[in-house]
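Enquirer: Just dropping this structure here.
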Amino acid sequence: MSIYIDEEKCIGCGRCHEVCPGTLIKIDENKKAYIKYPKDCWGCTSCLKECPKNAIRFYLGADIGGKGSLVHTEKSDGLVHWIVERPDGSTTTIDINPKESNKY
Amino acid sequence: MKTEKIKTDLLIIGGGAAGCYAALTAAKKGELQILICEKANIKRSGCLAAGVNALNAYITEGRTPQDYVDYAKKDADGIVRDDLLYTISERFNEVTAHLEKLGLVILKDENGKYVTRGNRNIKINGENIKPILADAVKQAKNVKVLNRVNIIDFSVHNNRIDGAYGIGIENDTFYAIEAKAVIIATGGASGLYRPNNPGFSRHKMWYPPFNTGAGFAMGILHGAEMTTFEMRFIALRCKDTIAPTGTLAQGVQAKQVNSLGEVYETKYGLTTSERVYGTVTENLEGRGPCFLRTEGISDAQEESLLKAYLNMAPSQTLRWIENSTPAHENVEIESTEPYIVGGHTASGYWVDTKRATTIEGLYAAGDVAGGCPQKYVTGALAEGEIAADAAVEFIAGEGSTSELPENEVVDHFDEVSKFLQPKKGLYTTEQLEEAMQTVMDNYAGGIRTNYRFNETGLDVAEKKIHKLQELTDHLAANDLQEVMYIYELRERLVVCLSVIAHLRARKETRWHSFAENLDYPEKDNVNWKKYVNSKLENGVIKTFTRELTAEGQKTYEHLH
């Protein structure tokens with residue numbers, strides 16, 4: 001389990017660094033976020049929900065059956081859009097309304 | 001490395017659910033100075049970082065707190081503290097109402113009543129439960145939060161705590177903190193045993209990999225009495241993603257089935273340990289892999305499941321999207337490595353009903369507090385509240401803080417500095433951690449042996465863990481974050497020794513899988529309807545037994 005940070009999109013705001021429960025994300029000398037300890041990621045996705053530029057994606061490691069898809073979140077109209085991008089370029093989006101409770 | 005000395009009234013170690021709620025409670029009680037030391041950031045630290053799917057401990061209409069006590073007691077086959085369980089159960093609904101006031105979304109019916117899920121659960125959107133708690137803490141004016149400060153030791157004199165030492169893992173600072181009272185709320189221990197996937201995804205585990213048992217270890221080393229470390233917790237989870245199964249079992253009534261399609265859960269029983277044991281046994285007897293039967297659920301049910309998992313364990317939703325969705329394919333399940341966690345099973349500090357530990361001035365709340373399983377979120381909050389009330393009362397009778405002895409401050413500073421040397425020993429912290437996990441896996445009932453162990457194996461484990469403890473003296477670190485990793489390893493090794501001692505002490509098998517003692521494969525109600533407790537004496541963990549609390553009649557109160 002780990003995350004991938006898109007260097008082009010990262011603005012070095014440090015919010016992901018601030019929330020990571022494992023203190024795993026650092027900011028380098030070029031003001032870009034990077035994950036220093038990828039094997040120590042719990043997969044909580046706090047960082048990607050925090051990122052204002054949608055620069056962080058998470059994926060499943062190959063050892064736990066990952067197939068190379070990347071997930072990120074975008075927020076608009078009071079919804080959180082979870083967007084899964086597959087290696088073939090196709091996507092699936094699931095919208096979550098944070099004001100709605102889980103059905104289960 | 002610079003040194004900062006701090007004085008406070010109440011020090012709270014760990015800003016997870018219990019620690020944050022303890023701070024909120026104490027802040028309401030007047031002008032106390034309260035300090036939370038959190039090794040991550042309280043916004044997303046502890047068990048609730050990713051969110052939580054439901055509130056699993058709530059007294060629904062027509063039920064009573066005693067019903068909850070009875071449920072938890074049955075699940076643990078009697079080895080619980082009725083007095084502790086009762087004190088959290090009677091607070092579940094009050095802390096839930098407070099959470100809703102703070103902003104948690106809870107599902108209500110047309111009459112404004114909470115919608116229940118099963119007998120004890122209510123439905124929520126818990127994705128942001130931790131930011132909600134953290135915001136409330138930030139608004140409390142007399143609470144100071146030190147994020148990225150990891151506490152490495154208590155300061156205890158004549159069995160009275162007077163402060164703690166810590167390291168600022170990102171500001172190169174050594175902290176010496178004086179306090180009139182301390183609440184320990186560091187959570188339980190993961191990472192003692194080799195995990196399901198020890199490679200790249202080693203931290204994709206049930207329990208937070210950052211909960212290292214620090215609170216247990218610091219207490220053990222200062223002679224605190226501990227209880228029930230032999231009741232390990234093993235979770236039954238979705239294969240690979242280690243995502244929750246309860247949402248499938250309770251949400252869409254998915255049954256556990258083996259490879260022949262037979263429902264096997266009824267064969268073994270429905271307690272938490274029996275569900276694990278049943279799955280282990282089906283696999284051992286050649287009827288694995290095992291699944292939760294979700295095939296055939298409706299599209300609407302499937303959509304709700306995909307959303308529910310995004311709010312607590314997004315990896316499972318990704319898994320479904322990358323492969324096949326639950327309406328079309330049953331969800332494979334597996335059991336995890338064992339954890340030591342007082343919120344689900346009963347391991348932890350031996351406390352009284354005020355959550356006072358046997359060290360004067362030290363209170364325990366949440367997963368470090370023993371005797372009181374099935375706490376879940378609301379129980380952790382309730383214990384934070386109880387511990388804070390008691391600590392505030394204790395502080396009222398105290399004068400000033402007592403200064404930490406300078407020689408001890410220097411000793412702790414020097415110990416941290418010693419690890420910061422550039423010299424490189426042969427082994428790294430990571431290598432020794434893997435060695436510890438391998439030892440526990442092989443000899444102390446890990447996944448490798450299907451959670452089974454015997455005394456000979458435990459003796460081997462103990463010797464090897466002692467050897468690893470010696471090797472940690474030679475570890476080196478480049479910065480204070482890596483120094484923290486050394487302390488975490490050392491803490492885990494102490495917890496391992498306690499687990500080994502407890503597993504050896506209970507000469508029966510009361511809970512399959514959780515404590516499967518091959519030398520004593522049967523349950524023994526004549527001799528072992530007792531608590532196994534322990535205490536470090538002259539460097540050795542000594543175990544002994546205590547009588548069970550009789551229902552609602554007997555309590556254990558400490559007299560300091």
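Residues are referred to by chain and number: the chain letter is A, B, ... according to the order shown in the structure tokens, the number counts from 1 in that chain, and ligands are numbered separately from 1 in the order shown.
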Any idea what's packed within 9 Å of Tyr485 (chain B), counting only C-alpha atoms, ignoring anything in its chain fewer than 5 positions away? Could you give it as a VMD selection string?
Expert: chain B and resid 429 to 430 477 480 490
Enquirer: Only residues of chain A matter here; which ones have an atom within 8 Å of chain B, counting only C-alpha atoms? Give them as number ranges by chain.
Expert: A: 1-2, 18-23, 38-46, 59-61, 63-67, 69, 71, 84, 86, 92, 94, 96, 98-104
Enquirer: Pick out the residues sitting within 10 Å of Thr271 (chain B), and hand them over as a list in words; count only C-alpha atoms, and ignore anything fewer than 3 positions along from it in its own chain.
Expert: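 Returned residues: Tyr71, Ala72, Lys74, Asp75, Ala76, Asp77, Glu265, Tyr268, Glu274, Arg275, Val276, Tyr277 and Trp511 of chain B.
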Enquirer: Please determine, counting only C-alpha atoms, which residue among B:Glu329, B:Glu415, B:Leu99, B:Gly62 has the shortest atom-to-atom distance to Ala134 (chain B).
Expert: B:Leu99
Enquirer: Pick out the closest residue to Arg232 (chain B) from this set: B:Asn159, B:Asn56, B:Ser273, B:Thr438. Count only C-alpha atoms.
Expert: B:Ser273
Enquirer: Check the DSSP output for the backbone and give back, as a list in words, the residues of region 31-76 of chain A in alpha helix (DSSP H).
Expert: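 Filtering region 31-76 of chain A down to alpha helix (DSSP H) leaves Ser46, Cys47, Leu48, Lys49 and Glu50 of chain A.
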Enquirer: Rounded to one decimal, what separation in Å do you get between CA of Ala364 (chain B) and CA of Leu10 (chain B)?
Expert: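 Interatomic distance, CA of Ala364 (chain B) to CA of Leu10 (chain B): 12.9 Å.
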Enquirer: Kindly indicate which residue among B:Thr472, B:Thr25, B:Thr87, B:Asn142 lies nearest to Cys372 (chain B), using only C-alpha atoms for the distances.
Expert: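 Closest candidate: B:Thr87.
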Enquirer: Report, in Å with one decimal, the straight-line distance from CA of Gly14 (chain A) to CA of Cys20 (chain B).
Expert: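 Answer for the CA of Gly14 (chain A) to CA of Cys20 (chain B) separation: 23.5 Å.
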